[in-house]
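Here's the structure, in structure tokens; my notes come after.
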Amino acid sequence: MVLTAPEREARADSGESTASSVEEAFVALSAAAPEGWRVELIEGEIHVVPPANGEHEEIVSEVTGQVRDHRKDLGRYTGIGLRVPDASPTGKVVPDFVIAPKGSFGDSLEYHDPGAVMLVGEVTSHSTADNDRGPKLRGYAAAGIPFYLLIDRERKQAVLHSLPAGKRYTRKVEVDISQPLSLPEPLGFDLDTSEF
């Protein structure tokens, strides 16, 4: 489900901006969302995403497990909210997984600064693929996240975006799912996509 915000402009009756109204709606929907549902604010639109299916979760588990096998010093986080302002005016997203040094999210915040994030990952679903390939890609690049790993189930590809510059990544490596994908340092191993 997608709720689109009207154009930003001040409301004459209260002086409150539409962006504030969208933020209030986002907060209310986040609080009311059923267990397992995700609410994200991406480029001015509120997205309510149902729980992932088993195949999606198996891929997330496989990727994060391979990271654990090669880099025990890194944390593998699912369900962590990130503030990615260039994904929307307030930029609140929940990636499928985040790789960062252990202890990076030890506070009580719901949405975190992405400064510690080494790699952010998304696994596409029919309901999320357009956001994963577009607004989130631009937002993660603008936030300076070094690597964005997209497991594109519809296109049967694993795509690693790197070298962020502005709202885009300047390097893109694609492999068919089943082929190894080299993850450069500081990760420094080949991701085995045959398990997907």
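Ordered as shown in the structure tokens, chains take letters A, B, and onward, while each chain numbers its residues from 1 and ligands are numbered from 1 in the order shown.
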(request) Tell me which protein, DNA and RNA residues are within 6 Å of Lys167 in chain A, counting only C-alpha atoms, leaving out same-chain ones fewer than 2 positions away, and put them as a list of chain:residue names. (result) A:Arg138, A:Ala141, A:Ala142
(request) Enumerate as number ranges by chain all residues of chain A assigned to strand (DSSP E) by DSSP on the backbone, naming them with the chain letters and numbers the document uses. (result) A: 2-4, 38-42, 45-49, 74-77, 81-83, 92-93, 97-101, 111-112, 119-123, 147-152, 157-165, 168-176, 180-183, 189-192
Residues from the last selection, C-alpha atoms, saved as a short mmCIF file (atom, residue, chain, number, x, y, z; two decimals), in the first residue's frame:
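Output (again.cif):
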data_model
loop_
_atom_site.label_atom_id
_atom_site.label_comp_id
_atom_site.auth_asym_id
_atom_site.auth_seq_id
_atom_site.Cartn_x
_atom_site.Cartn_y
_atom_site.Cartn_z
CA VAL A 2 1.31 3.46 -0.89
CA LEU A 3 -0.02 6.73 0.48
CA THR A 4 1.11 9.73 -1.56
CA ARG A 38 7.05 -2.24 7.87
CA VAL A 39 6.15 1.40 7.37
CA GLU A 40 8.63 3.51 5.38
CA LEU A 41 8.67 7.12 4.22
CA ILE A 42 10.34 7.28 0.80
CA GLU A 45 5.27 8.64 0.08
CA ILE A 46 4.32 6.38 2.96
CA HIS A 47 4.79 2.71 2.07
CA VAL A 48 3.20 -0.01 4.17
CA VAL A 49 4.93 -3.31 3.39
CA LEU A 74 30.58 -7.26 11.95
CA GLY A 75 26.99 -7.03 13.06
CA ARG A 76 24.22 -8.25 10.78
CA TYR A 77 21.03 -6.31 11.44
CA GLY A 81 15.50 1.77 10.76
CA LEU A 82 17.80 4.25 9.04
CA ARG A 83 17.42 7.98 8.49
CA LYS A 92 12.82 6.82 7.21
CA VAL A 93 13.53 3.41 5.74
CA PHE A 97 19.54 -6.07 6.19
CA VAL A 98 22.36 -3.81 7.31
CA ILE A 99 26.02 -4.71 7.84
CA ALA A 100 27.90 -2.50 10.31
CA PRO A 101 30.45 -2.88 13.08
CA TYR A 111 15.80 5.28 13.18
CA HIS A 112 19.57 5.60 13.10
CA LEU A 119 26.63 -2.34 3.39
CA VAL A 120 22.87 -2.08 3.10
CA GLY A 121 20.84 -4.77 1.37
CA GLU A 122 17.43 -5.23 -0.17
CA VAL A 123 15.76 -8.35 -1.55
CA PHE A 147 27.85 -0.62 -0.69
CA TYR A 148 24.28 -1.37 -1.67
CA LEU A 149 23.55 -5.03 -2.39
CA LEU A 150 20.34 -5.64 -4.32
CA ILE A 151 19.11 -9.19 -4.69
CA ASP A 152 16.67 -8.74 -7.56
CA GLN A 157 20.34 -10.99 -10.49
CA ALA A 158 22.55 -9.96 -7.61
CA VAL A 159 23.73 -6.36 -8.02
CA LEU A 160 26.42 -4.63 -5.99
CA HIS A 161 26.43 -0.83 -6.17
CA SER A 162 29.51 0.98 -4.84
CA LEU A 163 31.44 4.26 -4.93
CA PRO A 164 28.60 6.64 -4.00
CA ALA A 165 28.72 10.15 -5.49
CA ARG A 168 24.03 7.69 -7.45
CA TYR A 169 26.57 4.94 -7.21
CA THR A 170 29.30 5.15 -9.84
CA ARG A 171 30.10 1.43 -9.95
CA LYS A 172 27.68 -1.40 -10.54
CA VAL A 173 28.48 -5.12 -10.75
CA GLU A 174 25.73 -7.55 -11.77
CA VAL A 175 25.79 -11.32 -11.76
CA ASP A 176 23.09 -13.85 -12.46
CA PRO A 180 29.62 -15.68 -7.24
CA LEU A 181 29.61 -11.95 -6.54
CA SER A 182 32.85 -10.45 -5.28
CA LEU A 183 32.38 -8.19 -2.26
CA PHE A 189 34.93 -12.36 0.06
CA ASP A 190 32.88 -13.84 -2.76
CA LEU A 191 29.17 -14.05 -2.01
CA ASP A 192 27.84 -17.46 -3.09
#
(request) Can you work out which one of A:Gly44, A:Ser104, A:Leu137, A:Pro186 has the shortest atom-to-atom distance to Glu23 in chain A, counting only C-alpha atoms? (result)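 Nearest candidate to Glu23 in chain A out of A:Gly44, A:Ser104, A:Leu137, A:Pro186: A:Gly44.
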(request) Give me, please, the distance in Å between CA of Asn53 in chain A and CA of His70 in chain A, quoted to one decimal. (result)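 CA of Asn53 in chain A sits 26.5 Å away from CA of His70 in chain A.
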(message) For the helix (DSSP H, G or I) assignment from backbone DSSP, which residues of range 56-161 of chain A qualify? Please present them as an MDAnalysis selection string.
(response) chainID A and resid 56:70 85:87 114:116 129:133 135:142
Hey, can you spit out that residue selection with N, CA and C atoms as an mmCIF file, in the first residue's frame?
data_model
loop_
_atom_site.group_PDB
_atom_site.id
_atom_site.type_symbol
_atom_site.label_atom_id
_atom_site.label_comp_id
_atom_site.auth_asym_id
_atom_site.auth_seq_id
_atom_site.Cartn_x
_atom_site.Cartn_y
_atom_site.Cartn_z
ATOM 1 N N HIS A 56 12.086 -14.882 0.554
ATOM 2 C CA HIS A 56 12.745 -13.601 0.858
ATOM 3 C C HIS A 56 13.613 -13.744 2.106
ATOM 4 N N GLU A 57 13.041 -14.300 3.158
ATOM 5 C CA GLU A 57 13.765 -14.422 4.429
ATOM 6 C C GLU A 57 14.923 -15.412 4.333
ATOM 7 N N GLU A 58 14.770 -16.461 3.532
ATOM 8 C CA GLU A 58 15.880 -17.405 3.331
ATOM 9 C C GLU A 58 17.071 -16.707 2.686
ATOM 10 N N ILE A 59 16.802 -15.820 1.722
ATOM 11 C CA ILE A 59 17.892 -15.083 1.070
ATOM 12 C C ILE A 59 18.568 -14.146 2.063
ATOM 13 N N VAL A 60 17.774 -13.411 2.841
ATOM 14 C CA VAL A 60 18.356 -12.527 3.865
ATOM 15 C C VAL A 60 19.213 -13.338 4.826
ATOM 16 N N SER A 61 18.709 -14.481 5.267
ATOM 17 C CA SER A 61 19.453 -15.330 6.191
ATOM 18 C C SER A 61 20.752 -15.831 5.562
ATOM 19 N N GLU A 62 20.698 -16.221 4.291
ATOM 20 C CA GLU A 62 21.886 -16.730 3.606
ATOM 21 C C GLU A 62 22.956 -15.648 3.466
ATOM 22 N N VAL A 63 22.561 -14.442 3.033
ATOM 23 C CA VAL A 63 23.533 -13.354 2.873
ATOM 24 C C VAL A 63 24.166 -13.014 4.216
ATOM 25 N N THR A 64 23.345 -12.799 5.228
ATOM 26 C CA THR A 64 23.893 -12.403 6.532
ATOM 27 C C THR A 64 24.704 -13.527 7.162
ATOM 28 N N GLY A 65 24.321 -14.773 6.883
ATOM 29 C CA GLY A 65 25.110 -15.907 7.374
ATOM 30 C C GLY A 65 26.481 -15.973 6.728
ATOM 31 N N GLN A 66 26.545 -15.687 5.428
ATOM 32 C CA GLN A 66 27.849 -15.684 4.754
ATOM 33 C C GLN A 66 28.728 -14.551 5.279
ATOM 34 N N VAL A 67 28.120 -13.403 5.576
ATOM 35 C CA VAL A 67 28.901 -12.316 6.176
ATOM 36 C C VAL A 67 29.447 -12.776 7.523
ATOM 37 N N ARG A 68 28.605 -13.410 8.338
ATOM 38 C CA ARG A 68 29.047 -13.904 9.649
ATOM 39 C C ARG A 68 30.209 -14.887 9.494
ATOM 40 N N ASP A 69 30.111 -15.780 8.491
ATOM 41 C CA ASP A 69 31.163 -16.779 8.297
ATOM 42 C C ASP A 69 32.506 -16.155 7.949
ATOM 43 N N HIS A 70 32.492 -15.003 7.268
ATOM 44 C CA HIS A 70 33.736 -14.364 6.824
ATOM 45 C C HIS A 70 34.186 -13.207 7.715
ATOM 46 N N PRO A 85 17.836 10.887 4.554
ATOM 47 C CA PRO A 85 17.079 12.064 4.146
ATOM 48 C C PRO A 85 16.846 12.214 2.655
ATOM 49 N N ASP A 86 17.773 11.790 1.826
ATOM 50 C CA ASP A 86 17.568 11.973 0.397
ATOM 51 C C ASP A 86 16.636 10.935 -0.215
ATOM 52 N N ALA A 87 16.163 9.982 0.585
ATOM 53 C CA ALA A 87 15.133 9.063 0.098
ATOM 54 C C ALA A 87 13.758 9.716 0.223
ATOM 55 N N PRO A 114 23.010 6.649 9.275
ATOM 56 C CA PRO A 114 23.640 5.562 8.524
ATOM 57 C C PRO A 114 25.159 5.620 8.469
ATOM 58 N N GLY A 115 25.786 6.523 9.221
ATOM 59 C CA GLY A 115 27.226 6.717 9.137
ATOM 60 C C GLY A 115 28.059 5.472 9.367
ATOM 61 N N ALA A 116 27.618 4.568 10.226
ATOM 62 C CA ALA A 116 28.398 3.363 10.523
ATOM 63 C C ALA A 116 28.159 2.236 9.533
ATOM 64 N N ALA A 129 10.022 -3.782 -5.353
ATOM 65 C CA ALA A 129 11.106 -3.736 -6.344
ATOM 66 C C ALA A 129 11.359 -2.338 -6.897
ATOM 67 N N ASP A 130 10.294 -1.605 -7.230
ATOM 68 C CA ASP A 130 10.490 -0.268 -7.799
ATOM 69 C C ASP A 130 11.204 0.663 -6.824
ATOM 70 N N ASN A 131 10.844 0.614 -5.551
ATOM 71 C CA ASN A 131 11.529 1.439 -4.549
ATOM 72 C C ASN A 131 12.971 0.990 -4.349
ATOM 73 N N ASP A 132 13.189 -0.326 -4.350
ATOM 74 C CA ASP A 132 14.542 -0.851 -4.140
ATOM 75 C C ASP A 132 15.478 -0.456 -5.279
ATOM 76 N N ARG A 133 14.958 -0.397 -6.501
ATOM 77 C CA ARG A 133 15.783 -0.051 -7.674
ATOM 78 C C ARG A 133 15.893 1.450 -7.902
ATOM 79 N N PRO A 135 14.182 4.932 -5.621
ATOM 80 C CA PRO A 135 14.355 5.864 -4.502
ATOM 81 C C PRO A 135 15.334 5.390 -3.429
ATOM 82 N N LYS A 136 15.301 4.104 -3.073
ATOM 83 C CA LYS A 136 16.238 3.632 -2.046
ATOM 84 C C LYS A 136 17.668 3.645 -2.571
ATOM 85 N N LEU A 137 17.847 3.256 -3.821
ATOM 86 C CA LEU A 137 19.173 3.312 -4.441
ATOM 87 C C LEU A 137 19.726 4.731 -4.358
ATOM 88 N N ARG A 138 18.931 5.716 -4.748
ATOM 89 C CA ARG A 138 19.375 7.117 -4.700
ATOM 90 C C ARG A 138 19.622 7.577 -3.262
ATOM 91 N N GLY A 139 18.743 7.203 -2.359
ATOM 92 C CA GLY A 139 18.889 7.607 -0.960
ATOM 93 C C GLY A 139 20.117 7.019 -0.303
ATOM 94 N N TYR A 140 20.367 5.736 -0.532
ATOM 95 C CA TYR A 140 21.551 5.097 0.059
ATOM 96 C C TYR A 140 22.827 5.713 -0.499
ATOM 97 N N ALA A 141 22.842 6.020 -1.784
ATOM 98 C CA ALA A 141 24.024 6.663 -2.368
ATOM 99 C C ALA A 141 24.237 8.041 -1.762
ATOM 100 N N ALA A 142 23.170 8.837 -1.682
ATOM 101 C CA ALA A 142 23.286 10.189 -1.132
ATOM 102 C C ALA A 142 23.706 10.169 0.336
#
(message) Just checking: using only C-alpha atoms, which residue out of A:Ala28, A:Ala33, A:Ile80, A:Ala143 ends up closest to Gly106 in chain A?
(response) A:Ile80
(request) Provide the CA of Ile145 in chain A to CA of Phe105 in chain A distance in Å, to one decimal place. (result)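 Between these atoms lies a distance of 15.6 Å.
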(message) Just the number, please: distance in Å from CA of Leu29 in chain A to CA of Gly79 in chain A, one decimal.
(response) 16.5 Å
(request) Using only C-alpha atoms, pick whichever of A:Asp96, A:Leu109, A:Glu55, A:Gly91 has the shortest atom-to-atom distance to Arg153 in chain A. (result)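 The answer is A:Glu55, which sits nearest to Arg153 in chain A.
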